Amino acid sequence: VSAGLELWLLVAICGLATFAWRGAGVFVSGGINPNSPCSPGSAASPMPRSPR
Amino acid sequence: VTPDAFASPRAAWKGGAVEALGVPAAVLGAGYIGFGALAFDADFSLALALFSTMTIWALPGQIALIELRELGTAAPALVLAVMLTSARFLPMTVTLLPLLRHPAYRTWHYYLAGHFVAMTGWAVAVRRCPMLPLEQRLPYFLGFAIALWLACLAGTAAGYFASSSLPNWSPSASSSSTPSISSSSSAARCATARACWRCCAARLPDRSCSCHAAMGPAGGRHHRRHGGLRGRSRLEEEP
């Protein structure tokens with residue numbers, strides 16, 4: 001593998017390594033329902049509502 | 001004044017882009033001008049510098065990539081370091097994406113949005129999106145973030161060209177103000193990559209630094225880089 005191609009490959013792998021965090025975040029966020037009764041501020045939430 | 005809702009998702013996309021093309025794009029673009037100059041001095045091609053901004057789009061990681069490569073770090077350690085500098089994207093994405101979800105959009109839309117998560121876009125989206133209708137949030141975020149991404153690409157190119165066209169200034173012309181270090185002592189100082197870096201940073205007169213001989217290709221890279229920072233032609237630096 002030439003040095004130039006090796007560098008392109010390295011940058012591409014670094015890009016994938018960075019996207020691993022973003023992609024994992026998207027995957028994990030798929031299990032979060034912001035309208036869940038357990039979300040902060042809802043009636044069933046153990047967390048107190050913020051005062052208005 | 002920014003509206004609480006746009007007329008349509010397409011208008012939200014455009015509105016996000018317009019909001020980004022002000023102070024946010026100027027600030028981020030200015031940061032990437034510095035990265036473009038660094039990439040030029042590290043012997044990256046313009047295409048490669050732009051490719052790194054396109055794919056990584058995280059300035060700390062990109063700087064770590066260039067600096068560690070200059071120091072001759074092994075590729076697995078380099079990738080790990082770049083990856084660790086980007087760990088912040090996990091909590092940022094986990095907190096932002098639930099705000100953007102709507103049944104009208106498909107899974108790959110969210111993974112595309114995930115690529116554009118960065119500090120500025122995240123901060124603005126977390127503040128603005130709760131005020132927008134659900135179906136307009138993802139287009140708004142994508143419009144905002146893609147405009148920033150394009151500004152960063154433009155900044156990278158601008159920095160690269162600016163660095164390549166700086167006026168020629170050689171420390172040899174003002175050697176009276178530079179430290180006087182003999183070639184034999186510089187050879188001893190350049191036994192390691194870091195010593196080579198210090199040697200060049202000490203503004204030795206041209207070719208008195210023996211990085212090339214002492215370090216081989218790695219030393220050559222360091223010498224060339226610091227020669228580039230001082231504005232000399234890169235062709236003159238090759239042995």
# chains A, B, ... in the order shown; residues from 1 in each chain; ligands from 1

call {"tool": "residues_around", "arguments": {"residues": "Leu65 (chain B)", "least_positions_apart": "4", "cutoff": "10 Å", "atoms": "only C-alpha atoms", "output": "list in words"}}
result
Leu10, Val11 and Cys14 of chain A; Ser52, Leu59, Pro60, Gly61, Arg69, Glu70, Thr73, Ala75, Leu78, Val79, Ala81, Val82 and Met83 of chain B

call {"tool": "write_last_selection", "arguments": {"atoms": "all heavy atoms", "output": "JSON list (two decimals), in the first residue's frame"}}
result
[["chain", "number", "residue", "atom", "x", "y", "z"],
["A", 10, "LEU", "N", -6.10, 5.94, 6.68],
["A", 10, "LEU", "CA", -6.03, 6.33, 8.09],
["A", 10, "LEU", "C", -7.08, 7.38, 8.41],
["A", 10, "LEU", "O", -7.78, 7.29, 9.43],
["A", 10, "LEU", "CB", -4.62, 6.87, 8.39],
["A", 10, "LEU", "CG", -4.34, 7.24, 9.84],
["A", 10, "LEU", "CD1", -4.35, 6.02, 10.73],
["A", 10, "LEU", "CD2", -3.00, 7.95, 9.95],
["A", 11, "VAL", "N", -7.22, 8.37, 7.53],
["A", 11, "VAL", "CA", -8.22, 9.42, 7.76],
["A", 11, "VAL", "C", -9.63, 8.81, 7.72],
["A", 11, "VAL", "O", -10.49, 9.15, 8.54],
["A", 11, "VAL", "CB", -8.06, 10.55, 6.72],
["A", 11, "VAL", "CG1", -9.21, 11.54, 6.82],
["A", 11, "VAL", "CG2", -6.74, 11.28, 6.92],
["A", 14, "CYS", "N", -10.24, 7.03, 10.92],
["A", 14, "CYS", "CA", -10.49, 8.01, 11.99],
["A", 14, "CYS", "C", -11.91, 8.57, 11.87],
["A", 14, "CYS", "O", -12.58, 8.83, 12.88],
["A", 14, "CYS", "CB", -9.46, 9.14, 11.92],
["A", 14, "CYS", "SG", -7.83, 8.64, 12.48],
["B", 52, "SER", "N", -10.80, 14.91, 5.52],
["B", 52, "SER", "CA", -10.80, 14.74, 6.98],
["B", 52, "SER", "C", -11.88, 15.61, 7.61],
["B", 52, "SER", "O", -12.54, 15.20, 8.57],
["B", 52, "SER", "CB", -9.42, 15.05, 7.56],
["B", 52, "SER", "OG", -9.21, 16.42, 7.65],
["B", 59, "LEU", "N", -12.81, 19.11, 15.32],
["B", 59, "LEU", "CA", -11.50, 19.76, 15.25],
["B", 59, "LEU", "C", -10.45, 19.15, 16.20],
["B", 59, "LEU", "O", -9.32, 18.91, 15.76],
["B", 59, "LEU", "CB", -11.66, 21.27, 15.51],
["B", 59, "LEU", "CG", -10.49, 22.16, 15.12],
["B", 59, "LEU", "CD1", -10.04, 21.91, 13.69],
["B", 59, "LEU", "CD2", -10.87, 23.63, 15.30],
["B", 60, "PRO", "N", -10.79, 18.84, 17.46],
["B", 60, "PRO", "CA", -9.75, 18.24, 18.33],
["B", 60, "PRO", "C", -9.21, 16.93, 17.76],
["B", 60, "PRO", "O", -8.01, 16.68, 17.79],
["B", 60, "PRO", "CB", -10.49, 18.01, 19.65],
["B", 60, "PRO", "CG", -11.62, 18.98, 19.64],
["B", 60, "PRO", "CD", -12.04, 19.09, 18.21],
["B", 61, "GLY", "N", -10.12, 16.11, 17.22],
["B", 61, "GLY", "CA", -9.69, 14.84, 16.65],
["B", 61, "GLY", "C", -8.81, 15.04, 15.42],
["B", 61, "GLY", "O", -7.82, 14.33, 15.22],
["B", 69, "ARG", "N", 0.48, 11.98, 13.86],
["B", 69, "ARG", "CA", 1.12, 11.44, 12.66],
["B", 69, "ARG", "C", 2.51, 12.07, 12.49],
["B", 69, "ARG", "O", 3.47, 11.40, 12.14],
["B", 69, "ARG", "CB", 0.26, 11.72, 11.43],
["B", 69, "ARG", "CG", 0.91, 11.21, 10.15],
["B", 69, "ARG", "CD", 0.08, 11.51, 8.93],
["B", 69, "ARG", "NE", 0.91, 11.40, 7.75],
["B", 69, "ARG", "CZ", 1.54, 12.42, 7.18],
["B", 69, "ARG", "NH1", 1.44, 13.63, 7.69],
["B", 69, "ARG", "NH2", 2.28, 12.25, 6.11],
["B", 70, "GLU", "N", 2.60, 13.36, 12.80],
["B", 70, "GLU", "CA", 3.89, 14.04, 12.72],
["B", 70, "GLU", "C", 4.91, 13.43, 13.69],
["B", 70, "GLU", "O", 6.10, 13.39, 13.41],
["B", 70, "GLU", "CB", 3.71, 15.53, 13.04],
["B", 70, "GLU", "CG", 3.01, 16.30, 11.95],
["B", 70, "GLU", "CD", 3.89, 16.45, 10.74],
["B", 70, "GLU", "OE1", 4.95, 17.07, 10.85],
["B", 70, "GLU", "OE2", 3.51, 15.92, 9.69],
["B", 73, "THR", "N", 3.43, 8.38, 15.53],
["B", 73, "THR", "CA", 2.67, 7.45, 16.39],
["B", 73, "THR", "C", 2.12, 6.28, 15.55],
["B", 73, "THR", "O", 1.71, 6.48, 14.41],
["B", 73, "THR", "CB", 1.49, 8.21, 17.04],
["B", 73, "THR", "OG1", 2.01, 9.34, 17.72],
["B", 73, "THR", "CG2", 0.74, 7.33, 18.03],
["B", 75, "ALA", "N", -0.35, 3.61, 14.00],
["B", 75, "ALA", "CA", -1.72, 3.86, 13.52],
["B", 75, "ALA", "C", -2.80, 3.44, 14.53],
["B", 75, "ALA", "O", -3.75, 4.21, 14.75],
["B", 75, "ALA", "CB", -1.93, 3.18, 12.18],
["B", 78, "LEU", "N", -2.99, 6.00, 17.19],
["B", 78, "LEU", "CA", -3.48, 7.26, 16.63],
["B", 78, "LEU", "C", -5.01, 7.22, 16.49],
["B", 78, "LEU", "O", -5.71, 8.16, 16.89],
["B", 78, "LEU", "CB", -2.81, 7.47, 15.27],
["B", 78, "LEU", "CG", -2.94, 8.83, 14.60],
["B", 78, "LEU", "CD1", -1.76, 9.07, 13.68],
["B", 78, "LEU", "CD2", -4.23, 8.96, 13.83],
["B", 79, "VAL", "N", -5.52, 6.12, 15.95],
["B", 79, "VAL", "CA", -6.97, 5.99, 15.77],
["B", 79, "VAL", "C", -7.67, 6.01, 17.13],
["B", 79, "VAL", "O", -8.71, 6.65, 17.30],
["B", 79, "VAL", "CB", -7.30, 4.70, 14.98],
["B", 79, "VAL", "CG1", -8.80, 4.44, 14.97],
["B", 79, "VAL", "CG2", -6.77, 4.79, 13.56],
["B", 81, "ALA", "N", -6.62, 7.46, 19.87],
["B", 81, "ALA", "CA", -6.58, 8.83, 20.40],
["B", 81, "ALA", "C", -7.64, 9.70, 19.75],
["B", 81, "ALA", "O", -8.36, 10.44, 20.43],
["B", 81, "ALA", "CB", -5.18, 9.42, 20.18],
["B", 82, "VAL", "N", -7.77, 9.59, 18.43],
["B", 82, "VAL", "CA", -8.78, 10.39, 17.72],
["B", 82, "VAL", "C", -10.17, 9.98, 18.20],
["B", 82, "VAL", "O", -11.05, 10.82, 18.43],
["B", 82, "VAL", "CB", -8.64, 10.20, 16.19],
["B", 82, "VAL", "CG1", -9.81, 10.83, 15.46],
["B", 82, "VAL", "CG2", -7.32, 10.79, 15.70],
["B", 83, "MET", "N", -10.35, 8.69, 18.40],
["B", 83, "MET", "CA", -11.66, 8.19, 18.84],
["B", 83, "MET", "C", -12.00, 8.73, 20.24],
["B", 83, "MET", "O", -13.12, 9.17, 20.49],
["B", 83, "MET", "CB", -11.64, 6.67, 18.85],
["B", 83, "MET", "CG", -12.99, 6.04, 19.05],
["B", 83, "MET", "SD", -12.86, 4.26, 18.87],
["B", 83, "MET", "CE", -14.56, 3.80, 19.18]]

call {"tool": "interface_residues", "arguments": {"of": "chain A", "to": "chain B", "cutoff": "9 Å", "atoms": "only C-alpha atoms", "output": "ChimeraX atom specification"}}
result
/A:7-8,10-34

call {"tool": "write_last_selection", "arguments": {"atoms": "C-alpha atoms", "output": "compact mmCIF listing (two decimals), in the first residue's frame"}}
result
# COMPACT_ATOMS: atom_id res chain seq x y z
CA LEU A 7 -2.90 8.17 4.77
CA TRP A 8 -6.29 8.31 3.07
CA LEU A 10 -6.03 6.33 8.09
CA VAL A 11 -8.22 9.42 7.76
CA ALA A 12 -11.18 7.26 6.68
CA ILE A 13 -10.69 4.97 9.69
CA CYS A 14 -10.49 8.01 11.99
CA GLY A 15 -13.75 9.23 10.42
CA LEU A 16 -15.38 5.88 11.15
CA ALA A 17 -13.98 5.92 14.69
CA THR A 18 -15.54 9.33 15.25
CA PHE A 19 -18.84 8.23 13.74
CA ALA A 20 -18.86 5.22 16.09
CA TRP A 21 -19.77 7.58 18.96
CA ARG A 22 -22.36 9.44 16.93
CA GLY A 23 -23.86 6.24 15.54
CA ALA A 24 -23.95 4.63 18.97
CA GLY A 25 -25.70 7.72 20.28
CA VAL A 26 -28.34 7.51 17.53
CA PHE A 27 -28.82 3.81 18.29
CA VAL A 28 -29.17 4.34 22.04
CA SER A 29 -31.48 7.32 21.57
CA GLY A 30 -33.85 5.07 19.60
CA GLY A 31 -34.87 3.52 22.90
CA ILE A 32 -35.67 6.84 24.53
CA ASN A 33 -39.23 8.12 24.34
CA PRO A 34 -39.34 11.81 25.22

call {"tool": "closest_residue", "arguments": {"among": "B:Ala147, B:Ala7, B:Leu100, B:Glu67", "to": "Val23 (chain B)", "atoms": "only C-alpha atoms"}}
result
B:Ala147

call {"tool": "residues_around", "arguments": {"residues": "Gly143 (chain B)", "least_positions_apart": "6", "cutoff": "9 Å", "atoms": "only C-alpha atoms", "output": "list in words"}}
result
Ala12, Trp13, Lys14, Gly15, Gly16, Ala17, Val18, Glu19 and Ala20 of chain B

call {"tool": "atom_distance", "arguments": {"atom1": "CA of Ala3 (chain A)", "atom2": "CA of Leu38 (chain B)"}}
result
19.3 Å

call {"tool": "select_by_dssp", "arguments": {"residues": "region 51-115 of chain B", "states": "helix (DSSP H, G or I)", "output": "VMD selection string"}}
result
chain B and resid 51 to 55 59 to 70 75 to 85 89 to 100 107 to 115

call {"tool": "atom_distance", "arguments": {"atom1": "CA of Gly72 (chain B)", "atom2": "CA of Gly34 (chain B)"}}
result
21.7 Å
